[in-house]
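Scroll down for the structure; my scribbles are underneath it.
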Amino acid sequence: MFGEIKGLNEECGVFAIWGHKDASQVTYYGLHSLQHRGQEGAGIVVSDGDKLSTHKGLGLVTKAFKEGELEKLQGHAAIGHVRYATSGGGGLLNVQPLLFQSQTSGLALAHNGNIVNANGVKSDLEREGSIFQSTSDTEVIAHLIKRSPHPTLEEQFKDALSTIKGAYALAVLTEDKLMVAMDPNGLRPLSIGRMGDAYVVASETCAFDAVGAVHEREVQPGEIVIIDKDGMRSQLFSKPADRQICSMEYVYFARPDSDVDQINVHTARKSLGKQMAKETPVEADVVTGVPDSSISAAIGFAEQSGIPYELGLIKNRYVGRTFIQPTQELREQGVKMKLSPVRGVVAGKRVVMVDDSIVRGTTSRRIVQLLKDAGALEVHVRITSPPITHPCFYGIDTSTKAELIASTHTTEEMREKMGADSLAFISIDGMLEGIGRSSQDKNCGQCLACFTGNYPTEIYEDTVHPHDKVMNS
Ligand code: SF4
C-alpha cells in the first residue's frame, strides 16, 4: 500500500469476536492483517462477561501493544480497531474502540467510515447537555445510544442509527452483547465468519484467513447483527438502499487476498489492468506496476497487451512513514527513499507504468522522474481509476477538491506536469466492467461519487471543506 504518500488514505479497520477464550489475542492477529487500513493507532476492548477492559496505543499494532499488554485483556468477546485519522484528527483520545463506562454498564464502539451529519448532531447533543471526550465523529453514536428513551439496548442502537447519516461499518460491545451494523448504502465492507463455535467480524476477509476463521457472509446494507449467549440474530434497522460500496476498495484499499462483496480484489485489479490495455493500448517494451497495490493491475495489463510484465519498481519496506515529514521537498525525498527503479529492467525501454489513482499528482510526477532517471526511454502512465475530481465524505481522506489535480487540470495538462509520454485513466464503465459490475445498470453496486460528484447520501453544509465552498460558489 502506498496511501500515505499519495494523499489517499483509508480511515479504519474493524475486527470483532464473540465466544472465544483468547478473544483479545485473536483480535490482535485480526488487526495485524488489517494494518493496511490504518497505521495511526490501534486498540482492543474485551469483555469477560462482567466488565469491559481496554488497551489503546499510537502507531502500528505491534507498537501499540507492547509485550504483556494482551495478557491483561482477558475475556470471551472483543472488538478491535486500527485507525487512520481523517475525521477528528490524531491523538490517543481518538484512537478506537471508544469506551464509555456508566455506573451500571459499559459500551465500546469501533467504527469504519464517516458520519456526514456528525457536526449537526453533536451541536444538538451539546445544547442538551452532552459533553464529548474526543473529537471523533464516532462518539456521537455512543451519546445517541445512551440518550435514547427506548427500553432495550438493541432498540437504543436502532434509534441511534436512524439519526446518523453517512458511511459506517460499526461494532459495538457491551458486557453481554456484540452488535454490528452497516449503513443503508453499504458503503464500507464488513463480513461475518466462524472460527469453531466463535463468531468473528472483520472489515476484510483477509483477517479471517489470518486467524483461521471461515468467511460466512457480508453484513448487508441497513442490517444489524446481534450476537450474545443466545447465538446470532439479525434484523434490518432501515430500508436498505441500493448497495454502493466504495469503488476504491477494489482499486486500491483492500488487500488483494480479500473478497469484497464476493469479488476477489486481486482478480478485480487484474481485470482493471486488462480493461485499461483494451481502452488505451500503447506500444511499449515492458509493463510495471507501482507497488504494492498496482502489481495485480500491471499483470493484467501485460497479459492483455502481450507486453511482458517486469518488476520495474521496488518498494523499500523499512523506511519510516513519509507523511510525518513536513515539507513538500522532504515528502518528495521520502518518495524517492520508498521506491527504487530497477535500472536493468527499465533502462533503454519504453515503460508502461500502471498505478491505481492520482490525487495531487506529485507522487506520479516523482515516479515518472525516477524511471526516466534510471534510463527509461518513454514512460506511459495508465491509471486504473477514473480521474478523482470530487472529495470523499465517507471516510477516505481525498483532501479538498482544490487539492485534487484532476478537478482543475485536463488529462493533457496532468501529463505535461508529470513529464509522462502518455497518460490515460480508465473510464467509469471500464472500471465497473473490470470489477465485474454491469455498467448498464445504474444500480451498479458501487459508489462513484469521487469521480462523478453524485453522492449516495445527503451532504451537509458543514461537511464540505471551506476551500471547496469557495470553489463551488
Ligand atoms: S466517494 Fe470515492 S473514495 Fe469515497 S466512498 Fe465513494 S468511491 Fe469510495
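Chain identifiers are assigned as A, B, and so on, following the order in which chains appear in the C-alpha cells; residues are numbered from 1 within each chain, and ligands are numbered from 1 in order of appearance.
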Protein and nucleic residues near ligand 1, 8 Å, only C-alpha atoms and all ligand atoms, as a ChimeraX atom specification
/A:167,187-188,244-249,388,390-398,446-451,453,455
Could you pull the residues within 8 Å of Met182 in chain A, counting only C-alpha atoms, minus those fewer than 6 positions along the same chain, as a ChimeraX atom specification?
/A:167-170,188,190,219-224
Export of prior selection with all heavy atoms as an mmCIF file, in the first residue's frame:
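Output contents, as saved in result_18.cif:
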data_model
loop_
_atom_site.group_PDB
_atom_site.id
_atom_site.type_symbol
_atom_site.label_atom_id
_atom_site.label_comp_id
_atom_site.auth_asym_id
_atom_site.auth_seq_id
_atom_site.Cartn_x
_atom_site.Cartn_y
_atom_site.Cartn_z
ATOM 1 N N ALA A 167 -21.416 6.907 6.161
ATOM 2 C CA ALA A 167 -20.847 5.573 5.969
ATOM 3 C C ALA A 167 -20.464 5.002 7.322
ATOM 4 O O ALA A 167 -19.756 5.651 8.090
ATOM 5 C CB ALA A 167 -19.607 5.671 5.081
ATOM 6 N N TYR A 168 -20.933 3.807 7.611
ATOM 7 C CA TYR A 168 -20.476 3.163 8.842
ATOM 8 C C TYR A 168 -20.550 1.650 8.764
ATOM 9 O O TYR A 168 -21.573 1.083 8.400
ATOM 10 C CB TYR A 168 -21.225 3.656 10.088
ATOM 11 C CG TYR A 168 -22.723 3.735 9.958
ATOM 12 C CD1 TYR A 168 -23.532 2.660 10.307
ATOM 13 C CD2 TYR A 168 -23.316 4.892 9.489
ATOM 14 C CE1 TYR A 168 -24.901 2.750 10.199
ATOM 15 C CE2 TYR A 168 -24.696 4.978 9.364
ATOM 16 C CZ TYR A 168 -25.479 3.908 9.711
ATOM 17 O OH TYR A 168 -26.837 3.994 9.584
ATOM 18 N N ALA A 169 -19.420 1.045 9.044
ATOM 19 C CA ALA A 169 -19.348 -0.370 9.378
ATOM 20 C C ALA A 169 -18.945 -0.327 10.846
ATOM 21 O O ALA A 169 -17.871 0.160 11.190
ATOM 22 C CB ALA A 169 -18.303 -1.063 8.538
ATOM 23 N N LEU A 170 -19.852 -0.804 11.696
ATOM 24 C CA LEU A 170 -19.767 -0.460 13.116
ATOM 25 C C LEU A 170 -19.818 -1.723 13.981
ATOM 26 O O LEU A 170 -20.609 -2.619 13.708
ATOM 27 C CB LEU A 170 -21.001 0.403 13.412
ATOM 28 C CG LEU A 170 -21.097 1.235 14.651
ATOM 29 C CD1 LEU A 170 -19.962 2.245 14.737
ATOM 30 C CD2 LEU A 170 -22.432 1.997 14.629
ATOM 31 N N ARG A 188 -19.078 0.757 3.161
ATOM 32 C CA ARG A 188 -17.805 0.153 3.575
ATOM 33 C C ARG A 188 -17.985 -1.359 3.712
ATOM 34 O O ARG A 188 -19.083 -1.830 3.977
ATOM 35 C CB ARG A 188 -17.357 0.740 4.921
ATOM 36 C CG ARG A 188 -17.283 2.251 4.949
ATOM 37 C CD ARG A 188 -15.853 2.744 4.988
ATOM 38 N NE ARG A 188 -15.165 2.545 3.747
ATOM 39 C CZ ARG A 188 -15.104 3.440 2.745
ATOM 40 N NH1 ARG A 188 -15.664 4.601 2.864
ATOM 41 N NH2 ARG A 188 -14.453 3.155 1.643
ATOM 42 N N LEU A 190 -17.833 -5.124 5.393
ATOM 43 C CA LEU A 190 -17.839 -5.765 6.714
ATOM 44 C C LEU A 190 -18.396 -7.180 6.538
ATOM 45 O O LEU A 190 -19.461 -7.356 5.954
ATOM 46 C CB LEU A 190 -18.720 -4.974 7.698
ATOM 47 C CG LEU A 190 -18.572 -5.346 9.177
ATOM 48 C CD1 LEU A 190 -17.171 -5.009 9.709
ATOM 49 C CD2 LEU A 190 -19.612 -4.622 10.042
ATOM 50 N N VAL A 219 -22.106 -8.413 5.972
ATOM 51 C CA VAL A 219 -23.185 -7.703 6.673
ATOM 52 C C VAL A 219 -23.893 -6.860 5.609
ATOM 53 O O VAL A 219 -23.240 -6.156 4.823
ATOM 54 C CB VAL A 219 -22.635 -6.809 7.809
ATOM 55 C CG1 VAL A 219 -23.772 -6.088 8.529
ATOM 56 C CG2 VAL A 219 -21.816 -7.649 8.793
ATOM 57 N N GLN A 220 -25.205 -6.956 5.541
ATOM 58 C CA GLN A 220 -25.959 -6.318 4.461
ATOM 59 C C GLN A 220 -26.260 -4.840 4.761
ATOM 60 O O GLN A 220 -26.342 -4.445 5.933
ATOM 61 C CB GLN A 220 -27.287 -7.057 4.255
ATOM 62 C CG GLN A 220 -27.099 -8.493 3.793
ATOM 63 C CD GLN A 220 -26.318 -8.567 2.484
ATOM 64 O OE1 GLN A 220 -26.642 -7.886 1.522
ATOM 65 N NE2 GLN A 220 -25.258 -9.378 2.471
ATOM 66 N N PRO A 221 -26.436 -4.037 3.718
ATOM 67 C CA PRO A 221 -26.810 -2.637 3.940
ATOM 68 C C PRO A 221 -28.073 -2.537 4.811
ATOM 69 O O PRO A 221 -29.037 -3.261 4.577
ATOM 70 C CB PRO A 221 -27.098 -2.117 2.520
ATOM 71 C CG PRO A 221 -26.314 -3.018 1.616
ATOM 72 C CD PRO A 221 -26.281 -4.348 2.287
ATOM 73 N N GLY A 222 -28.007 -1.661 5.827
ATOM 74 C CA GLY A 222 -29.168 -1.449 6.697
ATOM 75 C C GLY A 222 -29.415 -2.573 7.685
ATOM 76 O O GLY A 222 -30.484 -2.655 8.283
ATOM 77 N N GLU A 223 -28.409 -3.445 7.894
ATOM 78 C CA GLU A 223 -28.602 -4.610 8.775
ATOM 79 C C GLU A 223 -27.895 -4.428 10.120
ATOM 80 O O GLU A 223 -26.787 -3.887 10.168
ATOM 81 C CB GLU A 223 -28.043 -5.870 8.080
ATOM 82 C CG GLU A 223 -28.246 -7.145 8.891
ATOM 83 C CD GLU A 223 -27.600 -8.387 8.280
ATOM 84 O OE1 GLU A 223 -26.734 -8.250 7.392
ATOM 85 O OE2 GLU A 223 -27.949 -9.492 8.717
ATOM 86 N N ILE A 224 -28.563 -4.881 11.184
ATOM 87 C CA ILE A 224 -27.893 -5.029 12.486
ATOM 88 C C ILE A 224 -27.785 -6.514 12.773
ATOM 89 O O ILE A 224 -28.768 -7.246 12.610
ATOM 90 C CB ILE A 224 -28.722 -4.437 13.651
ATOM 91 C CG1 ILE A 224 -28.948 -2.954 13.497
ATOM 92 C CG2 ILE A 224 -28.028 -4.685 14.982
ATOM 93 C CD1 ILE A 224 -29.725 -2.378 14.678
#
Which one is closest to Lys21 in chain A: A:Glu126, A:Glu67, A:Asp228, A:Asp197? Count only C-alpha atoms.
A:Asp197
Tell me which protein, DNA and RNA residues are within 9 Å of range 30-33 of chain A, counting only C-alpha atoms, leaving out same-chain ones fewer than 5 positions away, and put them as a CSV table (one decimal) with N, CA and C atoms, in the first residue's frame.
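Generated output (result15.csv):
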chain,number,residue,atom,x,y,z
A,13,GLY,N,-9.9,0.0,10.1
A,13,GLY,CA,-10.3,-1.4,10.0
A,13,GLY,C,-10.9,-1.9,11.3
A,14,VAL,N,-11.9,-2.7,11.2
A,14,VAL,CA,-12.6,-3.2,12.4
A,14,VAL,C,-12.5,-4.7,12.5
A,15,PHE,N,-12.3,-5.2,13.7
A,15,PHE,CA,-12.4,-6.6,13.9
A,15,PHE,C,-13.1,-6.9,15.2
A,16,ALA,N,-13.9,-8.0,15.3
A,16,ALA,CA,-14.7,-8.3,16.5
A,16,ALA,C,-14.8,-9.9,16.6
A,25,GLN,N,-6.3,-12.0,22.0
A,25,GLN,CA,-5.2,-12.4,21.1
A,25,GLN,C,-5.7,-12.6,19.7
A,42,ALA,N,-4.1,1.8,17.4
A,42,ALA,CA,-4.8,0.6,17.4
A,42,ALA,C,-5.3,0.4,18.8
A,43,GLY,N,-6.4,-0.3,19.0
A,43,GLY,CA,-7.0,-0.6,20.3
A,43,GLY,C,-7.9,-1.8,20.3
A,60,LEU,N,1.6,1.5,14.8
A,60,LEU,CA,1.3,0.2,14.3
A,60,LEU,C,0.8,-0.7,15.5
A,61,VAL,N,0.1,-1.8,15.1
A,61,VAL,CA,-0.5,-2.7,16.1
A,61,VAL,C,0.7,-3.2,17.0
A,62,THR,N,1.8,-3.6,16.4
A,62,THR,CA,2.9,-4.1,17.2
A,62,THR,C,3.5,-3.1,18.1
A,80,GLY,N,-11.9,-4.7,18.1
A,80,GLY,CA,-10.6,-4.0,17.9
A,80,GLY,C,-10.7,-3.1,16.7
A,81,HIS,N,-9.7,-2.2,16.6
A,81,HIS,CA,-9.7,-1.2,15.6
A,81,HIS,C,-8.3,-0.7,15.2
A,82,VAL,N,-8.1,-0.5,13.9
A,82,VAL,CA,-6.9,0.2,13.5
A,82,VAL,C,-7.4,1.5,12.8
A,202,ALA,N,-15.1,-8.8,10.5
A,202,ALA,CA,-13.9,-8.1,10.1
A,202,ALA,C,-14.2,-7.2,8.9
A,204,GLU,N,-12.3,-6.8,6.4
A,204,GLU,CA,-11.9,-7.6,5.2
A,204,GLU,C,-11.7,-9.0,5.5
A,206,CYS,N,-9.5,-11.0,4.6
A,206,CYS,CA,-8.1,-11.4,4.8
A,206,CYS,C,-7.9,-11.7,6.3
A,207,ALA,N,-8.6,-11.0,7.1
A,207,ALA,CA,-8.5,-11.1,8.6
A,207,ALA,C,-8.9,-12.5,9.0
A,208,PHE,N,-9.9,-13.1,8.3
A,208,PHE,CA,-10.4,-14.4,8.6
A,208,PHE,C,-9.3,-15.5,8.4
A,209,ASP,N,-8.7,-15.3,7.2
A,209,ASP,CA,-7.6,-16.2,6.9
A,209,ASP,C,-6.5,-16.1,7.9
A,210,ALA,N,-6.2,-14.9,8.4
A,210,ALA,CA,-5.1,-14.7,9.4
A,210,ALA,C,-5.4,-15.4,10.7
A,211,VAL,N,-6.6,-15.5,11.1
A,211,VAL,CA,-6.9,-16.1,12.4
A,211,VAL,C,-7.5,-17.6,12.2
Shell around Thr457 in chain A at 9 Å using only C-alpha atoms, local window under 4 positions removed, as number ranges by chain
A: 116, 165-167, 185
Would you list the contacts of range 365-382 of chain A as a PyMOL selection string, taking every protein, DNA or RNA residue within 7 Å and counting only C-alpha atoms, but skipping same-chain residues closer than 5 positions in sequence?
chain A and resi 341+343+346-355+418-425
Output N, CA and C atoms for every residue in the selection just made, as a tab-separated table (two decimals), in the first residue's frame.
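Writing done, so here's again-v2.tsv:
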chain	number	residue	atom	x	y	z
A	341	PRO	N	13.80	2.36	-8.74
A	341	PRO	CA	13.62	1.75	-10.05
A	341	PRO	C	14.65	0.63	-10.23
A	343	ARG	N	17.05	-0.53	-12.55
A	343	ARG	CA	17.70	0.05	-13.72
A	343	ARG	C	17.81	-0.95	-14.88
A	346	VAL	N	14.41	-1.18	-16.73
A	346	VAL	CA	13.78	-0.04	-17.42
A	346	VAL	C	14.74	0.71	-18.36
A	347	ALA	N	16.05	0.59	-18.13
A	347	ALA	CA	16.99	1.38	-18.95
A	347	ALA	C	16.87	1.01	-20.43
A	348	GLY	N	16.73	2.04	-21.25
A	348	GLY	CA	16.64	1.84	-22.69
A	348	GLY	C	15.30	1.28	-23.15
A	349	LYS	N	14.29	1.25	-22.26
A	349	LYS	CA	12.99	0.63	-22.59
A	349	LYS	C	11.87	1.67	-22.61
A	350	ARG	N	10.84	1.31	-23.38
A	350	ARG	CA	9.59	2.07	-23.32
A	350	ARG	C	8.73	1.38	-22.25
A	351	VAL	N	8.41	2.13	-21.18
A	351	VAL	CA	7.81	1.51	-19.99
A	351	VAL	C	6.35	1.94	-19.85
A	352	VAL	N	5.46	0.96	-19.62
A	352	VAL	CA	4.09	1.27	-19.19
A	352	VAL	C	4.09	1.20	-17.67
A	353	MET	N	3.75	2.30	-17.02
A	353	MET	CA	3.70	2.32	-15.55
A	353	MET	C	2.23	2.35	-15.13
A	354	VAL	N	1.78	1.24	-14.51
A	354	VAL	CA	0.38	1.15	-14.09
A	354	VAL	C	0.29	1.59	-12.63
A	355	ASP	N	-0.64	2.51	-12.36
A	355	ASP	CA	-0.85	2.95	-10.98
A	355	ASP	C	-2.36	2.99	-10.73
A	418	MET	N	3.47	15.92	-15.14
A	418	MET	CA	4.22	14.78	-14.59
A	418	MET	C	5.34	14.31	-15.52
A	419	GLY	N	5.44	14.90	-16.68
A	419	GLY	CA	6.55	14.57	-17.58
A	419	GLY	C	6.40	13.20	-18.21
A	420	ALA	N	5.17	12.68	-18.31
A	420	ALA	CA	4.96	11.36	-18.90
A	420	ALA	C	4.82	11.50	-20.41
A	421	ASP	N	5.08	10.40	-21.13
A	421	ASP	CA	4.92	10.43	-22.59
A	421	ASP	C	3.47	10.23	-22.99
A	422	SER	N	2.72	9.51	-22.18
A	422	SER	CA	1.27	9.49	-22.35
A	422	SER	C	0.65	9.20	-20.99
A	423	LEU	N	-0.61	9.61	-20.85
A	423	LEU	CA	-1.33	9.40	-19.59
A	423	LEU	C	-2.76	9.05	-19.95
A	424	ALA	N	-3.30	8.01	-19.33
A	424	ALA	CA	-4.71	7.67	-19.55
A	424	ALA	C	-5.31	7.11	-18.27
A	425	PHE	N	-6.58	7.45	-18.06
A	425	PHE	CA	-7.35	6.92	-16.93
A	425	PHE	C	-8.37	5.92	-17.49
Tell me, which residues of range 137-195 of chain A carry DSSP strand (DSSP E or B), written as a list in words?
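Matching residues, listed in order: Gly166, Ala167, Tyr168, Ala169, Leu170, Ala171, Val172, Leu173, Thr174, Lys177, Leu178, Met179, Val180, Ala181, Met182, Ser191, Ile192, Gly193, Arg194 and Met195 of chain A.
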Please indicate the distance in Å from CA of Asp50 in chain A to CA of Gln96 in chain A, rounded to one decimal place.
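Separation between CA of Asp50 in chain A and CA of Gln96 in chain A: 20.9 Å.
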List every residue of range 217-254 of chain A that has an atom at most 9 Å from any atom of range 258-276 of chain A, giving for each one its closest atom pair and the distance in Å to one decimal, counting only C-alpha atoms, sorted by chain and then by ascending residue number, as JSON lines.
{"residue": "A:Arg217", "atom": "CA", "partner": "A:Gln262", "partner_atom": "CA", "distance": 8.6}
{"residue": "A:Glu218", "atom": "CA", "partner": "A:Asp261", "partner_atom": "CA", "distance": 6.7}
{"residue": "A:Ile245", "atom": "CA", "partner": "A:Asp261", "partner_atom": "CA", "distance": 8.3}
{"residue": "A:Glu249", "atom": "CA", "partner": "A:Val260", "partner_atom": "CA", "distance": 7.8}
{"residue": "A:Tyr250", "atom": "CA", "partner": "A:Val265", "partner_atom": "CA", "distance": 5.5}
{"residue": "A:Val251", "atom": "CA", "partner": "A:Arg269", "partner_atom": "CA", "distance": 6.2}
{"residue": "A:Tyr252", "atom": "CA", "partner": "A:Arg269", "partner_atom": "CA", "distance": 8.5}
{"residue": "A:Ala254", "atom": "CA", "partner": "A:Ser258", "partner_atom": "CA", "distance": 6.7}
Just the selected residues (C-alpha atoms), exported as a PDB file, in the first residue's frame, please.
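Contents of result-v6.pdb, as written:
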ATOM      1  CA  ARG A 217     -21.310 -13.730   4.607  1.00  0.00           C
ATOM      2  CA  GLU A 218     -21.291  -9.937   4.269  1.00  0.00           C
ATOM      3  CA  ILE A 245     -19.762   0.021  -1.898  1.00  0.00           C
ATOM      4  CA  GLU A 249     -11.776  -0.693  -2.047  1.00  0.00           C
ATOM      5  CA  TYR A 250     -11.275  -2.712  -5.252  1.00  0.00           C
ATOM      6  CA  VAL A 251      -8.937  -0.273  -6.973  1.00  0.00           C
ATOM      7  CA  TYR A 252      -6.643   0.460  -4.081  1.00  0.00           C
ATOM      8  CA  ALA A 254      -8.387  -3.636   0.246  1.00  0.00           C
TER       9      ALA A 254
END
Choose the residue, out of A:Gln74, A:Ser191, A:Thr27, A:Ser136, that has the smallest atom-to-atom separation from Leu98 in chain A; count only C-alpha atoms.
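When distances to Leu98 in chain A are compared using only C-alpha atoms, the smallest one comes from A:Ser136.
Taking CA of Gly289 in chain A and CA of Ser357 in chain A as endpoints, the distance between them is 11.9 Å.
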Please determine, counting only C-alpha atoms, which residue among A:Ala78, A:Ile435, A:Val282, A:Ala160 has the shortest atom-to-atom distance to Ile227 in chain A.
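Smallest separation from Ile227 in chain A among the options: A:Ala78.
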Using DSSP on the backbone, list every residue of range 200-445 of chain A that comes out as helix (DSSP H, G or I), and give them as number ranges by chain.
A: 206-211, 247-253, 265-279, 295-305, 322-324, 328-338, 343-346, 362-373, 401-403, 405-408, 411-418, 428-435
Export C-alpha atoms of the chosen residues as a JSON list (two decimals), in the first residue's frame?
[["chain", "number", "residue", "atom", "x", "y", "z"],
["A", 206, "CYS", "CA", -8.09, -11.44, 4.79],
["A", 207, "ALA", "CA", -8.45, -11.15, 8.59],
["A", 208, "PHE", "CA", -10.41, -14.43, 8.64],
["A", 209, "ASP", "CA", -7.57, -16.23, 6.88],
["A", 210, "ALA", "CA", -5.11, -14.71, 9.36],
["A", 211, "VAL", "CA", -6.94, -16.15, 12.39],
["A", 247, "SER", "CA", -15.06, 1.60, -5.65],
["A", 248, "MET", "CA", -11.63, 2.43, -4.24],
["A", 249, "GLU", "CA", -11.78, -0.69, -2.05],
["A", 250, "TYR", "CA", -11.27, -2.71, -5.25],
["A", 251, "VAL", "CA", -8.94, -0.27, -6.97],
["A", 252, "TYR", "CA", -6.64, 0.46, -4.08],
["A", 253, "PHE", "CA", -7.54, -0.02, -0.41],
["A", 265, "VAL", "CA", -9.74, -7.94, -5.01],
["A", 266, "HIS", "CA", -6.70, -9.32, -6.89],
["A", 267, "THR", "CA", -8.95, -10.69, -9.64],
["A", 268, "ALA", "CA", -10.79, -7.36, -9.91],
["A", 269, "ARG", "CA", -7.50, -5.43, -10.12],
["A", 270, "LYS", "CA", -6.10, -7.76, -12.75],
["A", 271, "SER", "CA", -9.14, -7.28, -14.91],
["A", 272, "LEU", "CA", -8.96, -3.50, -14.38],
["A", 273, "GLY", "CA", -5.45, -3.74, -15.90],
["A", 274, "LYS", "CA", -6.79, -5.80, -18.82],
["A", 275, "GLN", "CA", -9.57, -3.30, -19.35],
["A", 276, "MET", "CA", -7.03, -0.45, -19.46],
["A", 277, "ALA", "CA", -4.96, -2.29, -22.05],
["A", 278, "LYS", "CA", -8.10, -2.62, -24.20],
["A", 279, "GLU", "CA", -9.18, 1.01, -23.73],
["A", 295, "ILE", "CA", 1.00, -5.04, -9.21],
["A", 296, "SER", "CA", -2.16, -7.07, -9.92],
["A", 297, "ALA", "CA", -3.38, -4.48, -12.44],
["A", 298, "ALA", "CA", 0.03, -4.36, -14.15],
["A", 299, "ILE", "CA", -0.02, -8.16, -14.53],
["A", 300, "GLY", "CA", -3.49, -7.84, -16.12],
["A", 301, "PHE", "CA", -2.29, -5.08, -18.49],
["A", 302, "ALA", "CA", 0.67, -7.24, -19.54],
["A", 303, "GLU", "CA", -1.48, -10.32, -20.08],
["A", 304, "GLN", "CA", -3.93, -8.43, -22.29],
["A", 305, "SER", "CA", -1.36, -6.46, -24.27],
["A", 322, "THR", "CA", 6.54, 9.79, 4.79],
["A", 323, "PHE", "CA", 3.56, 11.87, 5.79],
["A", 324, "ILE", "CA", 5.08, 12.89, 9.10],
["A", 328, "GLN", "CA", 6.94, 19.13, 0.15],
["A", 329, "GLU", "CA", 10.63, 18.76, -0.57],
["A", 330, "LEU", "CA", 11.10, 16.28, 2.26],
["A", 331, "ARG", "CA", 7.95, 14.45, 1.26],
["A", 332, "GLU", "CA", 9.24, 14.01, -2.25],
["A", 333, "GLN", "CA", 12.58, 12.85, -0.89],
["A", 334, "GLY", "CA", 10.54, 10.32, 1.10],
["A", 335, "VAL", "CA", 9.02, 9.01, -2.10],
["A", 336, "LYS", "CA", 12.49, 8.58, -3.51],
["A", 337, "MET", "CA", 13.55, 6.62, -0.46],
["A", 338, "LYS", "CA", 10.47, 4.40, -0.59],
["A", 343, "ARG", "CA", 17.70, 0.05, -13.72],
["A", 344, "GLY", "CA", 18.40, -3.20, -15.57],
["A", 345, "VAL", "CA", 14.66, -3.57, -16.30],
["A", 346, "VAL", "CA", 13.78, -0.04, -17.42],
["A", 362, "THR", "CA", 3.13, 14.94, -7.00],
["A", 363, "THR", "CA", 3.83, 11.24, -6.41],
["A", 364, "SER", "CA", 3.15, 10.25, -10.02],
["A", 365, "ARG", "CA", 5.47, 13.01, -11.22],
["A", 366, "ARG", "CA", 8.18, 11.75, -8.91],
["A", 367, "ILE", "CA", 7.83, 8.13, -10.05],
["A", 368, "VAL", "CA", 7.95, 9.11, -13.73],
["A", 369, "GLN", "CA", 11.13, 11.03, -12.92],
["A", 370, "LEU", "CA", 12.62, 8.02, -11.10],
["A", 371, "LEU", "CA", 12.02, 5.81, -14.13],
["A", 372, "LYS", "CA", 13.45, 8.37, -16.54],
["A", 373, "ASP", "CA", 16.49, 8.94, -14.32],
["A", 401, "LYS", "CA", -11.47, 19.47, -4.19],
["A", 402, "ALA", "CA", -8.93, 22.27, -4.61],
["A", 403, "GLU", "CA", -6.08, 19.81, -3.96],
["A", 405, "ILE", "CA", -5.32, 17.76, -9.55],
["A", 406, "ALA", "CA", -7.96, 16.17, -11.83],
["A", 407, "SER", "CA", -10.57, 18.70, -10.69],
["A", 408, "THR", "CA", -8.52, 21.62, -12.02],
["A", 411, "THR", "CA", -5.54, 14.91, -18.73],
["A", 412, "GLU", "CA", -3.13, 16.56, -21.15],
["A", 413, "GLU", "CA", -2.19, 19.22, -18.56],
["A", 414, "MET", "CA", -1.60, 16.49, -15.97],
["A", 415, "ARG", "CA", 0.54, 14.50, -18.43],
["A", 416, "GLU", "CA", 2.65, 17.53, -19.10],
["A", 417, "LYS", "CA", 3.07, 18.31, -15.40],
["A", 418, "MET", "CA", 4.22, 14.78, -14.59],
["A", 428, "ILE", "CA", -16.10, 4.68, -15.39],
["A", 429, "ASP", "CA", -17.81, 1.98, -17.47],
["A", 430, "GLY", "CA", -14.47, 0.23, -17.91],
["A", 431, "MET", "CA", -13.85, 0.29, -14.16],
["A", 432, "LEU", "CA", -17.29, -1.20, -13.45],
["A", 433, "GLU", "CA", -16.72, -3.85, -16.08],
["A", 434, "GLY", "CA", -13.30, -4.64, -14.61],
["A", 435, "ILE", "CA", -14.70, -5.01, -11.11]]
Rank A:Thr54, A:Ser162, A:Gly312, A:Glu128 by their smallest atom-to-atom distance to Arg147 in chain A, using only C-alpha atoms, and report the top residue only.
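Closest to Arg147 in chain A, using only C-alpha atoms: A:Glu128.
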I'd like to know which of A:Ile383, A:Leu404, A:Leu339, A:Ile164 is closest to Glu139 in chain A, using only C-alpha atoms.
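Result for the nearest residue to Glu139 in chain A: A:Ile164.
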Need to verify the contact set: Leu70 in chain A, 9 Å, only C-alpha atoms, exclusion of same-chain residues closer than 2 positions in sequence. Can you return it as a PyMOL selection string?
chain A and resi 24-25+28+44+55+65-68+72-74
